[in-house]
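**Student:** What follows is a single structure, and I will ask about it in a moment.
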Amino acid sequence: MKDYRKYEPILTESLPARFAGIFHLLELTFTPANDRTIVTTIDGRNLQLVCQGGTEEDHRKKEPVVAAGYQKAIWELREGHLRYCPSQDRLWRRDPDMADHEGERLLLNSWHPVKTIEDEYHIGGNARSSDRNPLYSATILREAKRSQWFDQVERGVRCDPCVWVRRNGRVVCLKDEPDIAVTQTFTPVGMGNQALKDAERILRWLTVDEKSYANLCRMFATPWLEPFKQLSYVLSGHGGDGKTLIARQALLGVLGVGKVFPGFSVQGYCAGGGYTLGRESMNDEMDGKAFAYDDEACAVTEDMLPLLRALSTGSQMNARVTGGRYRVVTPTATMLYLTNMQFADSSENSDSRRFIKVEFHQSKGRSYDQYHAIEGFCHRHPAAFFILSCRLWERSDEPEIVNLSPARNISDEMFWLISEIASNEEQYGDPVAVKGDYRKEFHMTIPQSLMDVLGLENARSRALPGKGQPRVVRVVNRDRFEVYRKAALDNETEPADTWWQTALSKPSRDSLLPLEDVGDCHDLAGIVESALDGHVGFAPCEGKARKSGGPVDGKVSLSWKRLNPSDESHVDASFITGQMSRYAVVPLGDCFVIDCDKPTEDGEPDGWQCLQALTGDYGTDKLPATLVTKTPHGVHLYYRMPAGMDIGLLKNAVHEQNLPIDLRVSNKGYVLGPGSVIDGKRYELVDLPAGVVPEASEAIMRMLKDFGYTSEPKPDAPQMSLDDVMADRRATSISNGMPDMTPVPEGQRNSTLHAWAYGRFKNHPENEHQIHDDLLKRGRDSGLADAELDQIWKSIKRSLN
């Protein structure tokens, strides 16, 4: 402990008269704390407050000379538990030891920022409380800055035995320096070289290229290691690609709400005039935080950028909450904008280094379990991404310049310029566009902002034919231009002979002619039963009221599952009478139905055309003739699973990868049978097999696999499995159709079971009862009570509804 006998506070007119006395008189006591005159300290001991009034005989009338919180803060300043961070101009307080262990409380070398002395030490019930005296908090801050008397906190990262701090303008790694106090401390639990290799592998898997990987990696340690407040991050993608997973699990899940603000809203922050309570309350929430993010950011336009720039660079701004007073804060949080929409490609050169872009890899072809494995990695190795980031900061302070894919925002003017430049470069070897031609086309000069976006500058060209040297714009930033060129022109250069074009040339469903004299629903149900060799069940279509009102949805069968629980126990065709106007057909055994639907957009091929283009012409060995029903909007084709293949490999799926084809699999779904009439439109039988329905061809099975209708990994899916990294988890998507039923260890049971059942239910709502039963079984095996499991299931249902 330092010798404070000669210590005197700075004498100013704002110095509270009792400050020095309190500083020197505060002392520990063995008397138990009473929360009024004796309080518990951060290390679990009891502190006797400086009081006035009362007598030796009557201690109850003694009152602290100033609020207990101020006295506790003064004592912690003296003892080194409350320190000043010069680079952030803010106080930091030592984290208390909250762990459950025997013996005395430990003194941790981890710290958290202090928003205000009054809030941190619970002084007064509100901002207008008489217990609050701003002179004390101002004095404590002023005194803490005196490094000759009080130790201070550096911006940096600790993960014992290493500490990363700035020395002489660059990040260095110091080892075995236990006395250095830094703004972020991580537990070394789960750390090691292998964890860092796995962290790097995950970040590369999540991003599209090396530059985006480097920027995502740099993000994690930015709040503590960037040279000054400057960088914000734009995490861009296409939905379901891991952006929110990283924000919630790797940031919020590791750092906690004390250092991460997940409630930021770009739209709310940038709306309204100069002063809005919504904006100011967000400033208050973000004060002192390391990160703030909007995980569903709207499209960001140039007019929004000034406010976002201010957050990025730490400009002073107002903060308040309802019922509170204004205060001026300096933003500390590194801002993250997670978006699937356009982010303004600003013409300001400084923005390219202020807003750091990361493009995520599309989730297409990747399984839920691979993403879920990353969540498990964050729990087991909480510091891995952050330490990997620290090592990157050691090597360089410079982020990569990433131009996000701009396909959603190619204007006519941009497309004309890009096309002209590409054409002139191909013909004459000069990547230019003539300014005069642009003026003729659009009756205006080329805006400087458009030139900045595309990486162009004014020039003259000798390469173009004709007299003189016309004034042109030339590509000077090839990296920037190439991103826009690919977005604008790559689709133009694709060969016309794609399967999509082929599908448009195939016969549509209108070419299918119904068979004559086939009878009513009873007769047709018998034909279906014979064609499927009895591996089929039947049920009535009772109908169900629509949520939006209007007529009853006649396609709904409420009893199909109950009446047909298995291939051994089901309803036969005799159940369907001639008086019925509609009925459900439930494929059983090894049977399934390919349901070709109408196109999603006008001018696109329908499912029947797509099926022929992807397999072969109907009636050939690639798409064998079978039992076919023409529906009001599509076609049903019945097939059997090839010999030796498990029907469980097929998923009951709808429009996988936007293909207008559904799949109804044995005992997992149903279709309306031929002869059914809905809204005056009849399901017509158009073809019958010679005997029973044929096995699906190799071409059909390949198509189903390629487009995600099977539980097998698709051949074009990335072969890197994150389960190799997460050695103690197995991916349910490649477990031969069987879900992971292994017990979940304590500490992660609720979150793991929620995510596991949520993903299954979201992708397979038709299996609701089985998924619920599996949740109960796995949850009980993991040691959870039924009441807790019921809450998990209710939460999942609420989220998906």
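Just so we're on the same page: first chain in the structure tokens is A, next is B, and so on; residues restart at 1 for each chain, and ligands are numbered from 1 in the order they show up.
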Can you tell me which residues surround A:Ala67 at a distance of at most 8 Å, considering only C-alpha atoms, apart from same-chain residues fewer than 3 positions away, and format the answer as a PyMOL selection string?
**Tutor:** chain A and resi 64+70-71+123+131-132
**Student:** Could the residues in this selection be written to a file with N, CA and C atoms, as a compact mmCIF listing (two decimals), in the first residue's frame?
**Tutor:**
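That gives us out_21.txt:
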```
# COMPACT_ATOMS: atom_id res chain seq x y z
N PRO A 64 -23.57 8.75 7.98
CA PRO A 64 -22.38 9.05 7.16
C PRO A 64 -22.35 10.53 6.81
N TYR A 70 -20.17 7.44 -2.21
CA TYR A 70 -19.02 8.31 -2.44
C TYR A 70 -17.84 7.87 -1.57
N GLN A 71 -18.12 7.52 -0.33
CA GLN A 71 -17.04 7.11 0.56
C GLN A 71 -16.41 5.80 0.08
N ILE A 123 -25.78 5.63 -5.78
CA ILE A 123 -25.98 6.81 -4.93
C ILE A 123 -27.26 7.51 -5.35
N ASP A 131 -29.03 12.95 -2.23
CA ASP A 131 -27.79 12.25 -1.85
C ASP A 131 -26.67 12.48 -2.85
N ARG A 132 -27.04 12.91 -4.05
CA ARG A 132 -26.03 13.07 -5.09
C ARG A 132 -25.37 14.44 -4.98
```
**Student:** Need the shell around A:Val300: protein/DNA/RNA residues with any atom at most 12 Å away, counting only C-alpha atoms. Skip same-chain ones fewer than 4 positions apart. Format as a PDB file with all heavy atoms, in the first residue's frame?
**Tutor:**
```pdb
ATOM      1  N   VAL A 234     -19.014  -3.144 -41.030  1.00  0.00           N
ATOM      2  CA  VAL A 234     -20.224  -3.486 -41.772  1.00  0.00           C
ATOM      3  C   VAL A 234     -20.139  -4.969 -42.119  1.00  0.00           C
ATOM      4  O   VAL A 234     -19.295  -5.379 -42.922  1.00  0.00           O
ATOM      5  CB  VAL A 234     -20.359  -2.653 -43.056  1.00  0.00           C
ATOM      6  CG1 VAL A 234     -21.644  -3.020 -43.792  1.00  0.00           C
ATOM      7  CG2 VAL A 234     -20.318  -1.168 -42.741  1.00  0.00           C
ATOM      8  N   SER A 236     -21.826  -7.752 -43.965  1.00  0.00           N
ATOM      9  CA  SER A 236     -22.824  -7.838 -45.030  1.00  0.00           C
ATOM     10  C   SER A 236     -22.979  -9.270 -45.511  1.00  0.00           C
ATOM     11  O   SER A 236     -22.000 -10.022 -45.578  1.00  0.00           O
ATOM     12  CB  SER A 236     -22.407  -6.938 -46.201  1.00  0.00           C
ATOM     13  OG  SER A 236     -23.312  -7.045 -47.269  1.00  0.00           O
ATOM     14  N   SER A 265     -30.199   0.518 -33.119  1.00  0.00           N
ATOM     15  CA  SER A 265     -31.018   0.514 -34.331  1.00  0.00           C
ATOM     16  C   SER A 265     -30.560   1.639 -35.235  1.00  0.00           C
ATOM     17  O   SER A 265     -30.670   2.813 -34.861  1.00  0.00           O
ATOM     18  CB  SER A 265     -32.498   0.678 -33.986  1.00  0.00           C
ATOM     19  OG  SER A 265     -33.255   0.986 -35.151  1.00  0.00           O
ATOM     20  N   VAL A 266     -30.042   1.289 -36.408  1.00  0.00           N
ATOM     21  CA  VAL A 266     -29.616   2.310 -37.363  1.00  0.00           C
ATOM     22  C   VAL A 266     -30.794   3.193 -37.743  1.00  0.00           C
ATOM     23  O   VAL A 266     -30.697   4.429 -37.767  1.00  0.00           O
ATOM     24  CB  VAL A 266     -29.011   1.652 -38.620  1.00  0.00           C
ATOM     25  CG1 VAL A 266     -28.753   2.696 -39.696  1.00  0.00           C
ATOM     26  CG2 VAL A 266     -27.719   0.932 -38.273  1.00  0.00           C
ATOM     27  N   GLN A 267     -31.930   2.565 -38.039  1.00  0.00           N
ATOM     28  CA  GLN A 267     -33.096   3.320 -38.481  1.00  0.00           C
ATOM     29  C   GLN A 267     -33.578   4.273 -37.398  1.00  0.00           C
ATOM     30  O   GLN A 267     -33.865   5.443 -37.652  1.00  0.00           O
ATOM     31  CB  GLN A 267     -34.212   2.357 -38.875  1.00  0.00           C
ATOM     32  CG  GLN A 267     -35.379   3.030 -39.578  1.00  0.00           C
ATOM     33  CD  GLN A 267     -36.287   2.012 -40.252  1.00  0.00           C
ATOM     34  OE1 GLN A 267     -36.238   0.831 -39.949  1.00  0.00           O
ATOM     35  NE2 GLN A 267     -37.118   2.471 -41.166  1.00  0.00           N
ATOM     36  N   GLY A 268     -33.656   3.786 -36.158  1.00  0.00           N
ATOM     37  CA  GLY A 268     -34.094   4.635 -35.061  1.00  0.00           C
ATOM     38  C   GLY A 268     -33.099   5.732 -34.746  1.00  0.00           C
ATOM     39  O   GLY A 268     -33.478   6.858 -34.425  1.00  0.00           O
ATOM     40  N   TYR A 269     -31.814   5.412 -34.844  1.00  0.00           N
ATOM     41  CA  TYR A 269     -30.785   6.389 -34.498  1.00  0.00           C
ATOM     42  C   TYR A 269     -30.722   7.523 -35.513  1.00  0.00           C
ATOM     43  O   TYR A 269     -30.474   8.675 -35.163  1.00  0.00           O
ATOM     44  CB  TYR A 269     -29.424   5.705 -34.413  1.00  0.00           C
ATOM     45  CG  TYR A 269     -28.372   6.530 -33.700  1.00  0.00           C
ATOM     46  CD1 TYR A 269     -28.279   6.503 -32.312  1.00  0.00           C
ATOM     47  CD2 TYR A 269     -27.492   7.344 -34.395  1.00  0.00           C
ATOM     48  CE1 TYR A 269     -27.331   7.252 -31.643  1.00  0.00           C
ATOM     49  CE2 TYR A 269     -26.543   8.104 -33.737  1.00  0.00           C
ATOM     50  CZ  TYR A 269     -26.466   8.061 -32.360  1.00  0.00           C
ATOM     51  OH  TYR A 269     -25.533   8.822 -31.700  1.00  0.00           O
ATOM     52  N   CYS A 270     -30.934   7.195 -36.780  1.00  0.00           N
ATOM     53  CA  CYS A 270     -30.794   8.193 -37.845  1.00  0.00           C
ATOM     54  C   CYS A 270     -32.105   8.899 -38.169  1.00  0.00           C
ATOM     55  O   CYS A 270     -32.134   9.767 -39.042  1.00  0.00           O
ATOM     56  CB  CYS A 270     -30.231   7.533 -39.104  1.00  0.00           C
ATOM     57  SG  CYS A 270     -28.559   6.880 -38.899  1.00  0.00           S
ATOM     58  N   ALA A 271     -33.191   8.542 -37.482  1.00  0.00           N
ATOM     59  CA  ALA A 271     -34.488   9.161 -37.767  1.00  0.00           C
ATOM     60  C   ALA A 271     -34.645  10.438 -36.962  1.00  0.00           C
ATOM     61  O   ALA A 271     -33.978  10.664 -35.965  1.00  0.00           O
ATOM     62  CB  ALA A 271     -35.613   8.186 -37.430  1.00  0.00           C
ATOM     63  N   ASP A 294     -26.396  -3.565 -34.513  1.00  0.00           N
ATOM     64  CA  ASP A 294     -27.753  -3.707 -35.049  1.00  0.00           C
ATOM     65  C   ASP A 294     -27.725  -4.949 -35.926  1.00  0.00           C
ATOM     66  O   ASP A 294     -27.076  -4.967 -36.971  1.00  0.00           O
ATOM     67  CB  ASP A 294     -28.127  -2.466 -35.871  1.00  0.00           C
ATOM     68  CG  ASP A 294     -29.554  -2.540 -36.429  1.00  0.00           C
ATOM     69  OD1 ASP A 294     -30.140  -3.640 -36.406  1.00  0.00           O
ATOM     70  OD2 ASP A 294     -30.058  -1.510 -36.901  1.00  0.00           O
ATOM     71  N   GLU A 296     -30.125  -6.361 -37.573  1.00  0.00           N
ATOM     72  CA  GLU A 296     -31.029  -6.338 -38.725  1.00  0.00           C
ATOM     73  C   GLU A 296     -31.025  -4.931 -39.311  1.00  0.00           C
ATOM     74  O   GLU A 296     -32.069  -4.298 -39.456  1.00  0.00           O
ATOM     75  CB  GLU A 296     -32.445  -6.753 -38.318  1.00  0.00           C
ATOM     76  CG  GLU A 296     -32.598  -8.220 -37.948  1.00  0.00           C
ATOM     77  CD  GLU A 296     -32.453  -9.152 -39.144  1.00  0.00           C
ATOM     78  OE1 GLU A 296     -32.518  -8.665 -40.289  1.00  0.00           O
ATOM     79  OE2 GLU A 296     -32.275 -10.363 -38.921  1.00  0.00           O
ATOM     80  N   MET A 304     -27.476   9.152 -43.947  1.00  0.00           N
ATOM     81  CA  MET A 304     -27.345   8.601 -42.603  1.00  0.00           C
ATOM     82  C   MET A 304     -25.898   8.631 -42.110  1.00  0.00           C
ATOM     83  O   MET A 304     -25.645   8.542 -40.900  1.00  0.00           O
ATOM     84  CB  MET A 304     -27.844   7.150 -42.567  1.00  0.00           C
ATOM     85  CG  MET A 304     -29.315   6.957 -42.858  1.00  0.00           C
ATOM     86  SD  MET A 304     -29.710   5.180 -42.819  1.00  0.00           S
ATOM     87  CE  MET A 304     -31.486   5.209 -43.048  1.00  0.00           C
ATOM     88  N   LEU A 305     -24.951   8.725 -43.019  1.00  0.00           N
ATOM     89  CA  LEU A 305     -23.547   8.544 -42.658  1.00  0.00           C
ATOM     90  C   LEU A 305     -23.008   9.582 -41.674  1.00  0.00           C
ATOM     91  O   LEU A 305     -22.177   9.219 -40.830  1.00  0.00           O
ATOM     92  CB  LEU A 305     -22.682   8.511 -43.920  1.00  0.00           C
ATOM     93  CG  LEU A 305     -22.870   7.276 -44.810  1.00  0.00           C
ATOM     94  CD1 LEU A 305     -21.951   7.340 -46.017  1.00  0.00           C
ATOM     95  CD2 LEU A 305     -22.619   5.996 -44.020  1.00  0.00           C
ATOM     96  N   PRO A 306     -23.400  10.859 -41.739  1.00  0.00           N
ATOM     97  CA  PRO A 306     -22.833  11.801 -40.764  1.00  0.00           C
ATOM     98  C   PRO A 306     -23.029  11.381 -39.312  1.00  0.00           C
ATOM     99  O   PRO A 306     -22.101  11.476 -38.499  1.00  0.00           O
ATOM    100  CB  PRO A 306     -23.566  13.111 -41.090  1.00  0.00           C
ATOM    101  CG  PRO A 306     -23.892  13.006 -42.537  1.00  0.00           C
ATOM    102  CD  PRO A 306     -24.202  11.560 -42.764  1.00  0.00           C
ATOM    103  N   LEU A 307     -24.241  10.908 -38.958  1.00  0.00           N
ATOM    104  CA  LEU A 307     -24.470  10.457 -37.587  1.00  0.00           C
ATOM    105  C   LEU A 307     -23.647   9.217 -37.256  1.00  0.00           C
ATOM    106  O   LEU A 307     -23.128   9.080 -36.144  1.00  0.00           O
ATOM    107  CB  LEU A 307     -25.958  10.171 -37.381  1.00  0.00           C
ATOM    108  CG  LEU A 307     -26.860  11.404 -37.205  1.00  0.00           C
ATOM    109  CD1 LEU A 307     -28.319  11.008 -37.292  1.00  0.00           C
ATOM    110  CD2 LEU A 307     -26.573  12.108 -35.892  1.00  0.00           C
ATOM    111  N   LEU A 308     -23.531   8.311 -38.229  1.00  0.00           N
ATOM    112  CA  LEU A 308     -22.754   7.094 -37.990  1.00  0.00           C
ATOM    113  C   LEU A 308     -21.269   7.406 -37.920  1.00  0.00           C
ATOM    114  O   LEU A 308     -20.526   6.741 -37.191  1.00  0.00           O
ATOM    115  CB  LEU A 308     -23.049   6.061 -39.075  1.00  0.00           C
ATOM    116  CG  LEU A 308     -24.526   5.639 -39.221  1.00  0.00           C
ATOM    117  CD1 LEU A 308     -24.662   4.539 -40.253  1.00  0.00           C
ATOM    118  CD2 LEU A 308     -25.107   5.195 -37.887  1.00  0.00           C
ATOM    119  N   TYR A 337     -22.648  -3.060 -37.929  1.00  0.00           N
ATOM    120  CA  TYR A 337     -23.886  -2.993 -38.691  1.00  0.00           C
ATOM    121  C   TYR A 337     -24.030  -4.303 -39.463  1.00  0.00           C
ATOM    122  O   TYR A 337     -23.284  -4.559 -40.403  1.00  0.00           O
ATOM    123  CB  TYR A 337     -23.870  -1.798 -39.643  1.00  0.00           C
ATOM    124  CG  TYR A 337     -23.506  -0.506 -38.945  1.00  0.00           C
ATOM    125  CD1 TYR A 337     -22.272   0.109 -39.167  1.00  0.00           C
ATOM    126  CD2 TYR A 337     -24.382   0.083 -38.041  1.00  0.00           C
ATOM    127  CE1 TYR A 337     -21.933   1.276 -38.509  1.00  0.00           C
ATOM    128  CE2 TYR A 337     -24.052   1.253 -37.378  1.00  0.00           C
ATOM    129  CZ  TYR A 337     -22.819   1.846 -37.610  1.00  0.00           C
ATOM    130  OH  TYR A 337     -22.489   3.000 -36.953  1.00  0.00           O
ATOM    131  N   LEU A 338     -24.966  -5.150 -39.020  1.00  0.00           N
ATOM    132  CA  LEU A 338     -25.197  -6.445 -39.647  1.00  0.00           C
ATOM    133  C   LEU A 338     -26.365  -6.284 -40.608  1.00  0.00           C
ATOM    134  O   LEU A 338     -27.482  -5.987 -40.182  1.00  0.00           O
ATOM    135  CB  LEU A 338     -25.531  -7.508 -38.597  1.00  0.00           C
ATOM    136  CG  LEU A 338     -24.396  -8.060 -37.733  1.00  0.00           C
ATOM    137  CD1 LEU A 338     -23.673  -6.991 -36.955  1.00  0.00           C
ATOM    138  CD2 LEU A 338     -24.913  -9.124 -36.781  1.00  0.00           C
ATOM    139  N   THR A 339     -26.113  -6.456 -41.885  1.00  0.00           N
ATOM    140  CA  THR A 339     -27.153  -6.122 -42.852  1.00  0.00           C
ATOM    141  C   THR A 339     -27.134  -7.041 -44.050  1.00  0.00           C
ATOM    142  O   THR A 339     -26.065  -7.532 -44.455  1.00  0.00           O
ATOM    143  CB  THR A 339     -26.998  -4.653 -43.317  1.00  0.00           C
ATOM    144  OG1 THR A 339     -28.046  -4.327 -44.215  1.00  0.00           O
ATOM    145  CG2 THR A 339     -25.650  -4.432 -43.986  1.00  0.00           C
ATOM    146  N   ASN A 340     -28.328  -7.274 -44.595  1.00  0.00           N
ATOM    147  CA  ASN A 340     -28.470  -7.963 -45.878  1.00  0.00           C
ATOM    148  C   ASN A 340     -28.877  -6.970 -46.956  1.00  0.00           C
ATOM    149  O   ASN A 340     -29.238  -7.372 -48.060  1.00  0.00           O
ATOM    150  CB  ASN A 340     -29.542  -9.067 -45.775  1.00  0.00           C
ATOM    151  CG  ASN A 340     -29.202 -10.104 -44.746  1.00  0.00           C
ATOM    152  OD1 ASN A 340     -28.036 -10.440 -44.558  1.00  0.00           O
ATOM    153  ND2 ASN A 340     -30.199 -10.615 -44.058  1.00  0.00           N
ATOM    154  N   MET A 341     -28.803  -5.691 -46.623  1.00  0.00           N
ATOM    155  CA  MET A 341     -29.239  -4.646 -47.539  1.00  0.00           C
ATOM    156  C   MET A 341     -28.053  -3.762 -47.914  1.00  0.00           C
ATOM    157  O   MET A 341     -26.924  -3.957 -47.436  1.00  0.00           O
ATOM    158  CB  MET A 341     -30.361  -3.825 -46.899  1.00  0.00           C
ATOM    159  CG  MET A 341     -31.552  -4.663 -46.432  1.00  0.00           C
ATOM    160  SD  MET A 341     -32.835  -3.711 -45.609  1.00  0.00           S
ATOM    161  CE  MET A 341     -33.532  -2.851 -47.007  1.00  0.00           C
ATOM    162  N   GLN A 342     -28.329  -2.787 -48.738  1.00  0.00           N
ATOM    163  CA  GLN A 342     -27.281  -1.911 -49.242  1.00  0.00           C
ATOM    164  C   GLN A 342     -26.704  -1.062 -48.107  1.00  0.00           C
ATOM    165  O   GLN A 342     -27.415  -0.539 -47.265  1.00  0.00           O
ATOM    166  CB  GLN A 342     -27.851  -0.994 -50.323  1.00  0.00           C
ATOM    167  CG  GLN A 342     -26.895   0.092 -50.792  1.00  0.00           C
ATOM    168  CD  GLN A 342     -27.625   1.235 -51.459  1.00  0.00           C
ATOM    169  OE1 GLN A 342     -28.832   1.140 -51.661  1.00  0.00           O
ATOM    170  NE2 GLN A 342     -26.925   2.276 -51.807  1.00  0.00           N
ATOM    171  N   PHE A 343     -25.383  -0.893 -48.104  1.00  0.00           N
ATOM    172  CA  PHE A 343     -24.715   0.060 -47.225  1.00  0.00           C
ATOM    173  C   PHE A 343     -24.046   1.082 -48.123  1.00  0.00           C
ATOM    174  O   PHE A 343     -23.291   0.737 -49.029  1.00  0.00           O
ATOM    175  CB  PHE A 343     -23.673  -0.629 -46.337  1.00  0.00           C
ATOM    176  CG  PHE A 343     -23.145   0.262 -45.246  1.00  0.00           C
ATOM    177  CD1 PHE A 343     -23.709   0.244 -43.987  1.00  0.00           C
ATOM    178  CD2 PHE A 343     -22.096   1.137 -45.481  1.00  0.00           C
ATOM    179  CE1 PHE A 343     -23.245   1.072 -42.985  1.00  0.00           C
ATOM    180  CE2 PHE A 343     -21.618   1.963 -44.489  1.00  0.00           C
ATOM    181  CZ  PHE A 343     -22.192   1.934 -43.222  1.00  0.00           C
ATOM    182  N   ALA A 344     -24.313   2.366 -47.888  1.00  0.00           N
ATOM    183  CA  ALA A 344     -23.870   3.430 -48.789  1.00  0.00           C
ATOM    184  C   ALA A 344     -22.389   3.314 -49.109  1.00  0.00           C
ATOM    185  O   ALA A 344     -21.543   3.269 -48.215  1.00  0.00           O
ATOM    186  CB  ALA A 344     -24.158   4.789 -48.161  1.00  0.00           C
ATOM    187  N   ASP A 345     -22.081   3.250 -50.404  1.00  0.00           N
ATOM    188  CA  ASP A 345     -20.692   3.233 -50.859  1.00  0.00           C
ATOM    189  C   ASP A 345     -20.282   4.694 -51.029  1.00  0.00           C
ATOM    190  O   ASP A 345     -20.335   5.259 -52.109  1.00  0.00           O
ATOM    191  CB  ASP A 345     -20.582   2.468 -52.183  1.00  0.00           C
ATOM    192  CG  ASP A 345     -19.181   1.920 -52.386  1.00  0.00           C
ATOM    193  OD1 ASP A 345     -18.261   2.418 -51.705  1.00  0.00           O
ATOM    194  OD2 ASP A 345     -19.003   1.023 -53.211  1.00  0.00           O
ATOM    195  N   SER A 346     -19.916   5.305 -49.918  1.00  0.00           N
ATOM    196  CA  SER A 346     -19.745   6.752 -49.862  1.00  0.00           C
ATOM    197  C   SER A 346     -18.634   7.232 -50.776  1.00  0.00           C
ATOM    198  O   SER A 346     -17.628   6.550 -51.005  1.00  0.00           O
ATOM    199  CB  SER A 346     -19.435   7.174 -48.421  1.00  0.00           C
ATOM    200  OG  SER A 346     -19.015   8.510 -48.368  1.00  0.00           O
ATOM    201  N   PHE A 355     -15.405   2.830 -42.286  1.00  0.00           N
ATOM    202  CA  PHE A 355     -16.378   1.736 -42.280  1.00  0.00           C
ATOM    203  C   PHE A 355     -15.716   0.511 -42.902  1.00  0.00           C
ATOM    204  O   PHE A 355     -15.554   0.418 -44.112  1.00  0.00           O
ATOM    205  CB  PHE A 355     -17.632   2.134 -43.055  1.00  0.00           C
ATOM    206  CG  PHE A 355     -18.381   3.262 -42.417  1.00  0.00           C
ATOM    207  CD1 PHE A 355     -18.372   4.530 -42.987  1.00  0.00           C
ATOM    208  CD2 PHE A 355     -19.074   3.076 -41.236  1.00  0.00           C
ATOM    209  CE1 PHE A 355     -19.049   5.579 -42.393  1.00  0.00           C
ATOM    210  CE2 PHE A 355     -19.762   4.116 -40.632  1.00  0.00           C
ATOM    211  CZ  PHE A 355     -19.744   5.373 -41.205  1.00  0.00           C
TER     212      PHE A 355
END
```
**Student:** Going by DSSP on the backbone, which bits of stretch 103-184 of chain A are strand (DSSP E or B)? Write them as a PyMOL selection string, please.
**Tutor:** chain A and resi 111-113+152+154-159+162-167+170-175+182-184
**Student:** Write out as number ranges by chain which residues come within 8 Å of stretch 394-404 of chain A when counting only C-alpha atoms, dropping same-chain ones fewer than 4 positions away.
**Tutor:** A: 170-173, 211-212, 214-215, 218, 226-227, 236, 352-353, 356-359, 390, 479-480, 483
**Student:** List as a short mmCIF file (atom, residue, chain, number, x, y, z; two decimals) with N, CA and C atoms, in the first residue's frame the protein and nucleic acid residues near A:Val321, meaning an atom at most 9 Å away when only C-alpha atoms are counted, but skip any in the same chain fewer than 3 places from it.
**Tutor:**
```cif
data_model
loop_
_atom_site.label_atom_id
_atom_site.label_comp_id
_atom_site.auth_asym_id
_atom_site.auth_seq_id
_atom_site.Cartn_x
_atom_site.Cartn_y
_atom_site.Cartn_z
N LEU A 277 -35.21 11.58 -28.14
CA LEU A 277 -34.99 10.76 -26.96
C LEU A 277 -34.46 9.39 -27.33
N GLY A 278 -34.96 8.84 -28.47
CA GLY A 278 -34.49 7.52 -28.89
C GLY A 278 -32.99 7.51 -29.12
N GLU A 280 -30.76 9.70 -27.96
CA GLU A 280 -30.02 10.02 -26.74
C GLU A 280 -30.03 8.86 -25.75
N SER A 281 -31.12 8.09 -25.72
CA SER A 281 -31.14 6.93 -24.83
C SER A 281 -30.19 5.86 -25.33
N MET A 282 -30.06 5.73 -26.66
CA MET A 282 -29.06 4.78 -27.19
C MET A 282 -27.65 5.24 -26.85
N ASP A 284 -26.84 6.81 -24.20
CA ASP A 284 -26.68 6.47 -22.80
C ASP A 284 -26.37 4.99 -22.63
N GLU A 285 -27.11 4.14 -23.36
CA GLU A 285 -26.90 2.70 -23.25
C GLU A 285 -25.51 2.29 -23.73
N GLY A 324 -34.38 11.47 -16.77
CA GLY A 324 -33.01 11.84 -16.41
C GLY A 324 -32.61 13.15 -17.04
N ARG A 325 -31.42 13.60 -16.70
CA ARG A 325 -30.90 14.85 -17.22
C ARG A 325 -29.94 14.59 -18.36
N TYR A 326 -29.76 15.60 -19.17
CA TYR A 326 -28.77 15.52 -20.24
C TYR A 326 -27.38 15.39 -19.64
#
```
**Student:** When distances are computed from only C-alpha atoms, which of A:Pro507, A:Gly80, A:Gly519, A:Pro382 shows the smallest separation from A:Leu255?
**Tutor:** A:Pro382
**Student:** To one decimal place, how far is atom CA of A:Leu235 from atom CA of A:Glu375 in Å?
**Tutor:**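 Computing it gives 18.1 Å between the two atoms.
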**Student:** What parts of stretch 487-691 of chain A does DSSP call helix (DSSP H, G or I)? I'd like the answer as an MDAnalysis selection string.
**Tutor:** chainID A and resid 487:493 499:504 509:511 521:531 560:563 573:575 607:614 647:649 656:658
**Student:** Mind dumping a table of every stretch 46-121 of chain A residue within 10 Å of stretch 13-32 of chain A, with the nearest atom pair and its distance in Å to one decimal, using only C-alpha atoms, sorted by chain and rising number, as CSV?
**Tutor:**
```
residue,atom,partner,partner_atom,distance
A:Asn46,CA,A:Thr29,CA,5.6
A:Leu47,CA,A:Leu28,CA,4.4
A:Gln48,CA,A:Leu28,CA,5.7
A:Leu49,CA,A:Leu26,CA,6.1
A:Val50,CA,A:Ile22,CA,6.3
A:Cys51,CA,A:Ile22,CA,9.4
A:Val65,CA,A:Arg18,CA,8.0
A:Val66,CA,A:Arg18,CA,8.4
A:Tyr70,CA,A:Phe19,CA,9.5
A:Gln71,CA,A:Ile22,CA,6.9
A:Lys72,CA,A:Leu26,CA,8.9
A:Ala73,CA,A:Phe23,CA,9.9
A:Ile74,CA,A:Phe23,CA,6.2
A:Trp75,CA,A:Phe23,CA,6.6
A:Glu76,CA,A:Phe23,CA,9.9
A:Leu77,CA,A:Phe23,CA,9.0
A:Arg78,CA,A:Phe23,CA,7.3
```
**Student:** Within 7 Å of stretch 623-639 of chain A, counting only C-alpha atoms, which residues show up once you throw out same-chain ones fewer than 5 positions away? Write them as number ranges by chain, please.
**Tutor:** A: 509, 591-598, 608, 615-618, 674, 681-689, 693-697, 700
